[in-house]
Amino acid sequence: MPTPNATGSASPTVAETLTKLGVDPKVGLNPAELQEHFNNYGPNALAEEKKSALSAFFAYFWGPIPWMIEAAALMALVVKDWGDFTIITSLLLFNALLGFWEEHQASNALDALKSSLALKARVLRGGKWEQVDARTLVPGDIIRLYLGDVVPADCKLIQGDYISIDQSALTGESLPVSKKSGEDAYSGSIVKQGEMVAVITATGGNTFFGRTAKLVAGAGSVSHFQRAVMKIGNFLIILALVLVVILVASRLFDMRGHYDRVVLLRLAEIVLILLVASVPVAMPAVLSVTMALGARMLARSKAIVSRLESIEELAGVDVLCSDKTGTLTQNKLTLGEAQPWSGTDTQTLILMASLASRAADNDPIDLAIMAGLKGPSVLKSYQQEKYVPFDPVDKRTEATIKDASSKVFRVSKGAPQVILGLAKLSGTDLEKAQQAVNGFASQGYRTIGVAVTQDDDHWSFLGILPLLDPPRPDSKSTIARARAYGVQVKMVTGDNVAIARQISLELDMGANIQPATELFPGDVIKGQIPLDAAEKIDQADGFAQVFPEHKYAIVKILQENGHIVGMTGDGVNDAPALKQADVGIAVSGATEAARAAAALILTAPGLSVIIEGIAEARRIFERMTSYVLYRIAMTIAIMVFVVLASIYYHFFPLTAIMLIALALLDDVPIMTIAFDNASVPPQPVKWELDRVLVISSVLGLLGVIQSFGLLYLGDTLHHLDHLQLQTMMFLQLVAGGHLMLFVTRTRGVFWKPPYPNSKLFFAIVATQIAAVLMCSEGWLVPSLPWGIIGFVWAYNLAWMVVQDVVKLGLYGILDPGHSWKKSLLQPLRGPMARDSAVNRKRGE
């Protein structure tokens, strides 16, 4: 019965729909009709509001940080200091241009990722089936829906027996709905069983989904790492404000009631600029760009992240559950020596299995079996009346066949245990068949059972076909590499234990293969998981006889055991496990449903793509961590030094112009951190707030001591006046800051690989040359003799070595196995650390 449409009237019939859309279901739309429909209906995409480039640029002049810079410029204008006004305005403009460029870079990277994740659809146009981007579909297009497809637009089913669709995301129905010809399927629902041909009736905003969806405007969620960094940023801002209050109170006390308007304005100006120079203004933008460009690097490695925050989880994976077929093995099957059952010969067995196959699907099993025929011509005597494709639940295919004499029979092929149950073998026959399956499995063969029936009640077992799928050449070395990275790879396969164990031993993965059917004898969906399963799963090297629901339970238990879990999958029934996993990985060739549920989507086969993805994610994480260490340390080094030096020496160690120049010179190399070379940590990484705070605080306080030491030497050894002391301290903070970046960017000694990326290195060199020329030539600052400039650089290089030694010592002390760690870090564990731990908890 036709279902009511949105207006309450009866849904039009197939014939009425085809007539209205003016399309022949056997030919599809021609190019002229396609263009006309596209002009009328537009692309098959929801309208997306995009901010104009001009409004995005002007947004950088609005907010707390721009307000501080604008206030400083206004004060310079009031006292008619045109030099300061020009330079402060230049700083404001530079910050806006930098932020706009970084946002543009991140946006471009994300747009590239989105385009690579676009849905595809099989469409009939001009009499030929082709695969196109779903956004190019128009009403009137004829499409074919397969198991695992995400329905690309609203459509009416016009050809095929039935299709089972999960539309829970749209309607809230908990179970899949079976639909037949004449019924409607909605955009965004998922095909769970069957296949049918349909005609598109609505696209984009005119679909059921488009009319009801409430789109959330925004850039997406942020990771635990970013949230923790934002907390640090807020902490540093509060620290800076407290120090500024102390500074202002000290200066006002020195005036002892003799307040001068110009002096007060100058004080306010320098305080505002000090905040701008020291507060980590660019931190959010730098982290976003680092993650976005890192995601683009991952895409070049054939691993696409569906959301940026999944990079953090990928870097922390310590258990990877990997499918066997196509990931650990080549997925290139060859037919072994067939074992026909009594009353059947080898060619008959292969013929019947071929009749239960469909070459058009390009299924590796079907193609391997059909390659065993004497010739494709033998199939011409048979007509496939009906075909039920393989699905992960039934684990078999079935075809209704009519032979040359018009006799009709059915044939099925699939997992041996399923076919044996279908044929109801028992006693010695069942034992013989199971021995044959186990014998092939012990040699690494997977097996296919074949059965035929002349009626609905009795199936006859025809025999067993062995198929060999050898390991990929790089799998063994890749697994060894994963082990070196602290990642345990566990095999997950639907094959029996003997096959799984044979492949596992060949790849040095171990022999402890657990059959999932014995681990989970109850209904895992309802939570019936045995108490002893957790320990067995943790210790297992792999799992055999796995159904999709078992994958979900395996992931859940591993997470409860404290692991960060990656899980591969390719089918529609893998989606729950992929969503539950910390990193769901849709392998190359996965269904659209699996891709939609996954955090990582592979565009090339093999385990090496995943392991390289993990390595690249850890490099991205290292870049962000090194930047955060540097930024916190510099904030402490600048703020604490300027405030304490002002109080003790009764003069500002830096002028407003110097603070502005310091901010400008600091921002230039920051842009290139996203491109820096980084090492791959040997163990999974995670956000550790206490470690970052300890290391950065110690390095920041070392920077304060370093600056006071140079100020003391400049005053007592070189007898510089206040103006030259200010220039010397300006050069000290520019040089010392960037040398500190070389220290924080690696956990090892700074002079060993990985060496800085050329973009970062030359950006720092260029800023140092600019700072040296400013000091030597007297551009914007009082000039210094070359001897003093050389002394400052020699002093900073010596301190760079000291900082590196201290850094190495801190990493040694903070090592998880070190006995000093607990006593050192316990005082630092406060609300922020607890929040970070809660955020990291999996399975929420």
# chains A, B, ... in the order shown; residues from 1 in each chain; ligands from 1
$ residues_around --residues "Glu518 in chain A" --least-positions-apart "4" --cutoff "10 Å" --atoms "only C-alpha atoms" --output "ChimeraX atom specification"
/A:514,522,530,533,544-545
$ write_last_selection --atoms "all heavy atoms" --output "mmCIF file, in the first residue's frame"
data_model
loop_
_atom_site.group_PDB
_atom_site.id
_atom_site.type_symbol
_atom_site.label_atom_id
_atom_site.label_comp_id
_atom_site.auth_asym_id
_atom_site.auth_seq_id
_atom_site.Cartn_x
_atom_site.Cartn_y
_atom_site.Cartn_z
ATOM 1 N N GLN A 514 41.103 -16.971 19.810
ATOM 2 C CA GLN A 514 39.882 -17.286 20.548
ATOM 3 C C GLN A 514 38.678 -17.304 19.595
ATOM 4 O O GLN A 514 38.458 -16.344 18.851
ATOM 5 C CB GLN A 514 39.638 -16.248 21.647
ATOM 6 C CG GLN A 514 40.657 -16.258 22.772
ATOM 7 C CD GLN A 514 40.483 -17.448 23.685
ATOM 8 O OE1 GLN A 514 39.414 -18.047 23.753
ATOM 9 N NE2 GLN A 514 41.558 -17.812 24.378
ATOM 10 N N GLY A 522 26.011 -16.045 24.559
ATOM 11 C CA GLY A 522 24.709 -15.383 24.684
ATOM 12 C C GLY A 522 24.533 -14.276 23.662
ATOM 13 O O GLY A 522 25.272 -14.169 22.683
ATOM 14 N N PRO A 530 30.031 -13.078 29.170
ATOM 15 C CA PRO A 530 30.550 -13.856 30.307
ATOM 16 C C PRO A 530 31.612 -13.090 31.080
ATOM 17 O O PRO A 530 32.367 -12.294 30.519
ATOM 18 C CB PRO A 530 31.142 -15.099 29.628
ATOM 19 C CG PRO A 530 30.492 -15.181 28.299
ATOM 20 C CD PRO A 530 30.201 -13.776 27.888
ATOM 21 N N ALA A 533 35.282 -13.531 29.985
ATOM 22 C CA ALA A 533 35.654 -13.156 28.612
ATOM 23 C C ALA A 533 36.686 -12.035 28.587
ATOM 24 O O ALA A 533 37.533 -11.983 27.690
ATOM 25 C CB ALA A 533 34.408 -12.726 27.835
ATOM 26 N N ALA A 544 38.493 -15.668 15.942
ATOM 27 C CA ALA A 544 37.974 -16.352 14.762
ATOM 28 C C ALA A 544 36.468 -16.535 14.901
ATOM 29 O O ALA A 544 35.898 -16.348 15.984
ATOM 30 C CB ALA A 544 38.661 -17.702 14.597
ATOM 31 N N GLN A 545 35.824 -16.892 13.763
ATOM 32 C CA GLN A 545 34.378 -17.118 13.741
ATOM 33 C C GLN A 545 33.626 -15.908 14.310
ATOM 34 O O GLN A 545 32.696 -16.035 15.096
ATOM 35 C CB GLN A 545 34.023 -18.398 14.499
ATOM 36 C CG GLN A 545 34.603 -19.647 13.864
ATOM 37 C CD GLN A 545 34.624 -20.858 14.795
ATOM 38 O OE1 GLN A 545 35.544 -21.660 14.745
ATOM 39 N NE2 GLN A 545 33.640 -21.013 15.643
#
$ residues_around --residues "range 341-356 of chain A" --least-positions-apart "6" --cutoff "9 Å" --atoms "only C-alpha atoms" --output "JSON, numbers by chain"
{"A": [366, 367, 369, 370, 372, 373, 374, 378, 379, 382, 383, 384, 387, 388, 389, 397, 398, 399, 400, 401, 410, 411, 412, 413, 433, 448, 449, 450, 451, 452, 461, 462, 463, 464, 465]}
$ residues_around --residues "Pro682 in chain A" --least-positions-apart "4" --cutoff "12 Å" --atoms "only C-alpha atoms" --output "PyMOL selection string"
chain A and resi 315-316+318+481-487+614-615+618-619+622+747
$ residues_around --residues "Phe708 in chain A" --least-positions-apart "3" --cutoff "12 Å" --atoms "only C-alpha atoms" --output "list in words"
Ala637, Ile638, Val640, Phe641, Val642, Val643, Leu644, Ala645, Ser646, Tyr648, Tyr649, Pro653, Leu701, Leu702, Gly703, Val704, Ile705, Leu711, Tyr712, Leu713, Gly714, Asp715, Leu725, Met728, Met729, Gln732 and Leu733 of chain A
$ select_by_dssp --residues "range 12-94 of chain A" --states "alpha helix (DSSP H)" --output "ChimeraX atom specification"
/A:14-21,31-41,53-58,64-78,82-94
$ closest_residue --among "A:Ala436, A:Arg266, A:Ala590, A:Arg125" --to "Arg251 in chain A" --atoms "only C-alpha atoms"
A:Arg266
$ atom_distance --atom1 "CA of Met567 in chain A" --atom2 "CA of Val587 in chain A"
9.9 Å
$ residues_around --residues "Gly421 in chain A" --least-positions-apart "3" --cutoff "10 Å" --atoms "only C-alpha atoms" --output "list of chain:residue names"
A:Pro416, A:Gln417, A:Val418, A:Lys424, A:Leu425, A:Ser426, A:Leu430, A:Trp459, A:Phe461
$ closest_residue --among "A:Asp541, A:Asp582, A:Glu549, A:Asp804" --to "His563 in chain A" --atoms "only C-alpha atoms"
A:Asp582
$ atom_distance --atom1 "CA of Ala553 in chain A" --atom2 "CA of Thr493 in chain A"
14.4 Å
$ closest_residue --among "A:Asp676, A:Glu33, A:Asp166, A:Asp429" --to "Thr290 in chain A" --atoms "only C-alpha atoms"
A:Asp676
$ closest_residue --among "A:Glu385, A:Asp391, A:Asp323, A:Asp254" --to "Gly569 in chain A" --atoms "only C-alpha atoms"
A:Asp323
$ atom_distance --atom1 "CA of Ala763 in chain A" --atom2 "CA of Pro669 in chain A"
5.0 Å
$ residues_around --residues "Ser187 in chain A" --least-positions-apart "5" --cutoff "7 Å" --atoms "only C-alpha atoms" --output "ChimeraX atom specification"
/A:151-154,207,209
$ write_last_selection --atoms "C-alpha atoms" --output "PDB file, in the first residue's frame"
ATOM      1  CA  VAL A 151      20.668   6.235   0.369  1.00  0.00           C
ATOM      2  CA  PRO A 152      21.938   9.389  -1.415  1.00  0.00           C
ATOM      3  CA  ALA A 153      18.572  11.160  -1.927  1.00  0.00           C
ATOM      4  CA  ASP A 154      14.847  10.553  -1.520  1.00  0.00           C
ATOM      5  CA  THR A 207      14.483  15.669   0.843  1.00  0.00           C
ATOM      6  CA  PHE A 209      16.155  14.752   5.766  1.00  0.00           C
TER       7      PHE A 209
END
$ closest_residue --among "A:Ala73, A:Ala577, A:Ile670, A:Leu629" --to "Thr86 in chain A" --atoms "only C-alpha atoms"
A:Ala73
$ residues_around --residues "range 695-699 of chain A" --least-positions-apart "4" --cutoff "10 Å" --atoms "only C-alpha atoms" --output "list in words"
Ser626, Val628, Leu629, Tyr630, Arg631, Ile632, Ala633, Met634, Thr635, Ile636, Ala637, Asp690, Arg691, Gly703, Val704, Ile705, Met740, Val743, Thr744, Gln803, Asp804, Val806, Lys807, Leu808, Gly809, Leu810, Tyr811 and Leu814 of chain A
